[in-house]
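Since the structure comes first, as structure tokens, the remarks are kept for the end.
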Amino acid sequence: MSDALINGLAGAGGGIIAQLITYPLQTVNTRQQTERDVKKARRKHGTLAQMCQVVKNEGWGRLYSGLAPSIVGTACSQGVYYYFYQIFRDRAEAIARENKRNGIGDGSVGMLSSLVVAALAGCTNVLLTNPIWVVVTRMQTHTKNSNKSQPGHSSIAPDEKALDPIECPPYGTGHAIQELYDEAGIQGFWKGVLPTLIMVSNPSMQFMLYETMLKKLKRKRALVKQGDTGVTALEIFLLGALAKLGATVVTYPLLVVKSRLQAKQTTTGDKRHHYEAILAGMLWPTGTLDAILKMIRYEGLHGFYKGMSTKIVQSVLAAAVLFMIKEELVRGARMLLTKGGNSTGRTRLA
């Protein structure tokens, strides 16, 4: 089994476990990011209070709305990312070794090379998996009374009693896909792809920081313990948390713009809540520039940081769990392969 495949499978496994643990935080955070009522957004509600409000008004299941496609998306994203990351990383290491033989560098992959490797893997991942995350965002931001609040959907006579929101049919993955296709066609599944591609800098920064800190820790450990470069699961957990914290703080505004574009758009009523293509006819993803300009005009810079505290907690916890589990899975897989190879060799000798 190749090293790239081991890392891809381990990344998918770690990503799924991290997603299951932090998903309610992710749902609340997506709702915070897509809240367009300025007065409502400025009311100080903590993350836990908002989670309790969702449970009270919509039930426990709504905190896990979109979990099934999210798990599929996480497995695909982490698997694709780590698979291509390892391929590009191996290539970068081969180039570094070749440069060392030519008298250039020390044979190790530098910070800039690590950044480029992570960016290439991230771009590949975004282009392949963006449709899954658009569907997940739709499901996370859908509320049980969404249909009632949408303009043009009110066909109830004044003297008729409206159905209770609880009686609305479940909003499943199929509903989200059909709604998105009816609204924007196939291209709708790549909504928010531009800010998402720019956000590739987030995992790129994350992995650059992680690899740099890990390399320094191993180097220091080797000096103290005479060549022993072993790193514990707790140390990997902390390194992953620190790396994700730094990357999230820098790139958060792009995440808010992406969520706004991927959430359901209002086609009538207040145009402040509808994002349209400004550069028509050009290769510019629908609404990205319009969303940025309208957020600055109507919400101010504060709008780009909605729900940031929730995202930091969710992202740092998820990244720390992901790194820890991934490294343990990779280590375990390599041990099993090594033992399997040794036993096969002994059998042949016998």
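The chains in the structure tokens are called A, B, ... from first to last as shown; in each chain the residues are counted from 1, and the ligands are counted from 1 in the order shown.
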Test item: residues at most 10 Å from A:Lys244, only C-alpha atoms, excluding those fewer than 6 positions along its chain, as a PyMOL selection string: chain A and resi 202-203+205-207+209-210+238+312+315-320
Could you write out the selected residues, including all heavy atoms, as an mmCIF file, in the first residue's frame?
```cif
data_model
loop_
_atom_site.group_PDB
_atom_site.id
_atom_site.type_symbol
_atom_site.label_atom_id
_atom_site.label_comp_id
_atom_site.auth_asym_id
_atom_site.auth_seq_id
_atom_site.Cartn_x
_atom_site.Cartn_y
_atom_site.Cartn_z
ATOM 1 N N ASN A 202 -6.085 28.725 3.952
ATOM 2 C CA ASN A 202 -6.292 28.316 5.349
ATOM 3 C C ASN A 202 -5.595 26.999 5.664
ATOM 4 O O ASN A 202 -4.726 26.949 6.538
ATOM 5 C CB ASN A 202 -7.794 28.233 5.650
ATOM 6 C CG ASN A 202 -8.082 27.870 7.097
ATOM 7 O OD1 ASN A 202 -7.818 26.763 7.537
ATOM 8 N ND2 ASN A 202 -8.635 28.812 7.841
ATOM 9 N N PRO A 203 -5.954 25.893 4.969
ATOM 10 C CA PRO A 203 -5.213 24.660 5.243
ATOM 11 C C PRO A 203 -3.754 24.753 4.856
ATOM 12 O O PRO A 203 -2.902 24.069 5.435
ATOM 13 C CB PRO A 203 -5.949 23.600 4.410
ATOM 14 C CG PRO A 203 -6.730 24.356 3.401
ATOM 15 C CD PRO A 203 -7.066 25.661 4.032
ATOM 16 N N MET A 205 -1.825 27.447 5.223
ATOM 17 C CA MET A 205 -1.193 28.041 6.407
ATOM 18 C C MET A 205 -1.158 27.050 7.564
ATOM 19 O O MET A 205 -0.170 26.931 8.289
ATOM 20 C CB MET A 205 -1.970 29.290 6.843
ATOM 21 C CG MET A 205 -1.850 30.473 5.917
ATOM 22 S SD MET A 205 -2.837 31.843 6.567
ATOM 23 C CE MET A 205 -2.799 32.941 5.156
ATOM 24 N N GLN A 206 -2.283 26.332 7.715
ATOM 25 C CA GLN A 206 -2.384 25.360 8.801
ATOM 26 C C GLN A 206 -1.288 24.306 8.709
ATOM 27 O O GLN A 206 -0.585 24.021 9.688
ATOM 28 C CB GLN A 206 -3.761 24.697 8.753
ATOM 29 C CG GLN A 206 -3.954 23.574 9.754
ATOM 30 C CD GLN A 206 -5.268 22.848 9.511
ATOM 31 O OE1 GLN A 206 -6.151 23.340 8.807
ATOM 32 N NE2 GLN A 206 -5.395 21.682 10.091
ATOM 33 N N PHE A 207 -1.128 23.735 7.523
ATOM 34 C CA PHE A 207 -0.132 22.672 7.370
ATOM 35 C C PHE A 207 1.288 23.222 7.378
ATOM 36 O O PHE A 207 2.210 22.545 7.851
ATOM 37 C CB PHE A 207 -0.406 21.879 6.086
ATOM 38 C CG PHE A 207 -1.412 20.798 6.288
ATOM 39 C CD1 PHE A 207 -2.756 21.053 6.090
ATOM 40 C CD2 PHE A 207 -1.039 19.533 6.707
ATOM 41 C CE1 PHE A 207 -3.706 20.068 6.295
ATOM 42 C CE2 PHE A 207 -1.977 18.546 6.924
ATOM 43 C CZ PHE A 207 -3.317 18.812 6.710
ATOM 44 N N LEU A 209 2.259 25.807 9.214
ATOM 45 C CA LEU A 209 2.543 26.013 10.633
ATOM 46 C C LEU A 209 2.755 24.683 11.352
ATOM 47 O O LEU A 209 3.665 24.535 12.172
ATOM 48 C CB LEU A 209 1.388 26.783 11.285
ATOM 49 C CG LEU A 209 1.217 28.247 10.855
ATOM 50 C CD1 LEU A 209 -0.085 28.813 11.400
ATOM 51 C CD2 LEU A 209 2.397 29.079 11.341
ATOM 52 N N TYR A 210 1.892 23.705 11.022
ATOM 53 C CA TYR A 210 1.981 22.396 11.667
ATOM 54 C C TYR A 210 3.310 21.705 11.346
ATOM 55 O O TYR A 210 4.007 21.209 12.246
ATOM 56 C CB TYR A 210 0.807 21.524 11.212
ATOM 57 C CG TYR A 210 0.876 20.097 11.715
ATOM 58 C CD1 TYR A 210 0.581 19.790 13.033
ATOM 59 C CD2 TYR A 210 1.234 19.062 10.855
ATOM 60 C CE1 TYR A 210 0.650 18.477 13.489
ATOM 61 C CE2 TYR A 210 1.306 17.754 11.305
ATOM 62 C CZ TYR A 210 0.996 17.473 12.620
ATOM 63 O OH TYR A 210 1.067 16.173 13.061
ATOM 64 N N LEU A 238 -2.022 19.301 20.338
ATOM 65 C CA LEU A 238 -1.754 20.711 20.629
ATOM 66 C C LEU A 238 -1.175 21.451 19.410
ATOM 67 O O LEU A 238 -1.542 22.600 19.142
ATOM 68 C CB LEU A 238 -0.802 20.829 21.815
ATOM 69 C CG LEU A 238 -1.370 20.338 23.159
ATOM 70 C CD1 LEU A 238 -0.292 20.371 24.233
ATOM 71 C CD2 LEU A 238 -2.568 21.181 23.584
ATOM 72 N N ILE A 312 -13.761 29.334 15.828
ATOM 73 C CA ILE A 312 -12.440 29.042 16.390
ATOM 74 C C ILE A 312 -12.502 27.793 17.259
ATOM 75 O O ILE A 312 -11.668 26.892 17.150
ATOM 76 C CB ILE A 312 -11.910 30.247 17.183
ATOM 77 C CG1 ILE A 312 -11.489 31.362 16.216
ATOM 78 C CG2 ILE A 312 -10.731 29.850 18.070
ATOM 79 C CD1 ILE A 312 -11.050 32.639 16.902
ATOM 80 N N SER A 315 -13.240 24.740 14.838
ATOM 81 C CA SER A 315 -12.130 24.426 13.933
ATOM 82 C C SER A 315 -10.915 23.900 14.677
ATOM 83 O O SER A 315 -10.285 22.926 14.260
ATOM 84 C CB SER A 315 -11.731 25.667 13.123
ATOM 85 O OG SER A 315 -12.749 26.041 12.247
ATOM 86 N N VAL A 316 -10.586 24.562 15.794
ATOM 87 C CA VAL A 316 -9.407 24.151 16.552
ATOM 88 C C VAL A 316 -9.607 22.758 17.124
ATOM 89 O O VAL A 316 -8.722 21.894 17.051
ATOM 90 C CB VAL A 316 -9.099 25.177 17.668
ATOM 91 C CG1 VAL A 316 -8.053 24.632 18.634
ATOM 92 C CG2 VAL A 316 -8.610 26.483 17.062
ATOM 93 N N LEU A 317 -10.800 22.497 17.678
ATOM 94 C CA LEU A 317 -11.083 21.169 18.232
ATOM 95 C C LEU A 317 -11.069 20.111 17.139
ATOM 96 O O LEU A 317 -10.458 19.039 17.290
ATOM 97 C CB LEU A 317 -12.439 21.183 18.938
ATOM 98 C CG LEU A 317 -12.909 19.852 19.543
ATOM 99 C CD1 LEU A 317 -11.899 19.346 20.571
ATOM 100 C CD2 LEU A 317 -14.287 20.007 20.178
ATOM 101 N N ALA A 318 -11.728 20.398 15.998
ATOM 102 C CA ALA A 318 -11.785 19.435 14.898
ATOM 103 C C ALA A 318 -10.399 19.152 14.329
ATOM 104 O O ALA A 318 -10.042 18.000 14.068
ATOM 105 C CB ALA A 318 -12.710 19.960 13.793
ATOM 106 N N ALA A 319 -9.601 20.211 14.141
ATOM 107 C CA ALA A 319 -8.260 20.037 13.573
ATOM 108 C C ALA A 319 -7.361 19.252 14.518
ATOM 109 O O ALA A 319 -6.596 18.385 14.092
ATOM 110 C CB ALA A 319 -7.638 21.399 13.269
ATOM 111 N N ALA A 320 -7.464 19.540 15.815
ATOM 112 C CA ALA A 320 -6.643 18.835 16.789
ATOM 113 C C ALA A 320 -6.983 17.343 16.818
ATOM 114 O O ALA A 320 -6.095 16.480 16.813
ATOM 115 C CB ALA A 320 -6.832 19.459 18.175
#
```
To one decimal place in Å, what is the distance between atom CA of A:Glu235 and atom CA of A:Ala222? 15.1 Å
Between A:Leu194, A:Val55, A:Leu322, A:Met199, single out the one closest to A:Asn7, counting only C-alpha atoms.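 Checking each candidate against A:Asn7, we get A:Leu322 as the closest.
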Go through A:Gly188, A:Pro253, A:Gly332, A:Gly46 one by one, measure the shortest atom-to-atom distance of each to A:Ile296 using only C-alpha atoms, and give the residue with the smallest value. A:Pro253
Atom CA of A:Arg89 and atom CA of A:Leu115, how far apart in Å?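 Atom CA of A:Leu115 sits 10.3 Å away from atom CA of A:Arg89.
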For A:Leu25: contacts at 9 Å, only C-alpha atoms, fewer than 6 positions along chain excluded, given as a compact mmCIF listing (two decimals) with N, CA and C atoms, in the first residue's frame:
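Below is the file selection04.txt, written as the result:
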```txt
# COMPACT_ATOMS: atom_id res chain seq x y z
N THR A 47 -22.90 30.83 22.00
CA THR A 47 -23.03 29.63 21.16
C THR A 47 -23.94 28.60 21.82
N LEU A 48 -23.73 28.37 23.12
CA LEU A 48 -24.55 27.38 23.83
C LEU A 48 -26.01 27.81 23.86
N MET A 51 -27.50 27.07 20.52
CA MET A 51 -27.74 25.63 20.37
C MET A 51 -29.01 25.22 21.12
N LEU A 63 -29.74 20.16 14.82
CA LEU A 63 -28.32 20.43 15.03
C LEU A 63 -27.46 19.54 14.14
N THR A 310 -17.27 30.97 17.72
CA THR A 310 -17.78 29.61 17.56
C THR A 310 -16.90 28.83 16.58
N LYS A 311 -16.53 29.49 15.48
CA LYS A 311 -15.70 28.82 14.47
C LYS A 311 -14.33 28.46 15.01
N VAL A 313 -13.53 27.72 18.12
CA VAL A 313 -13.67 26.55 18.99
C VAL A 313 -13.87 25.29 18.15
N GLN A 314 -14.79 25.37 17.16
CA GLN A 314 -15.09 24.20 16.33
C GLN A 314 -13.88 23.78 15.49
```
For A:Lys326, which residue out of A:Lys215, A:Lys264, A:Gly240, A:Val72 is the nearest one, using only C-alpha atoms?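 For A:Lys326, the nearest of the candidates is A:Gly240.
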Distance in Å - atom CA of A:Ile236 versus atom CA of A:Leu112: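 So the answer is 21.9 Å.
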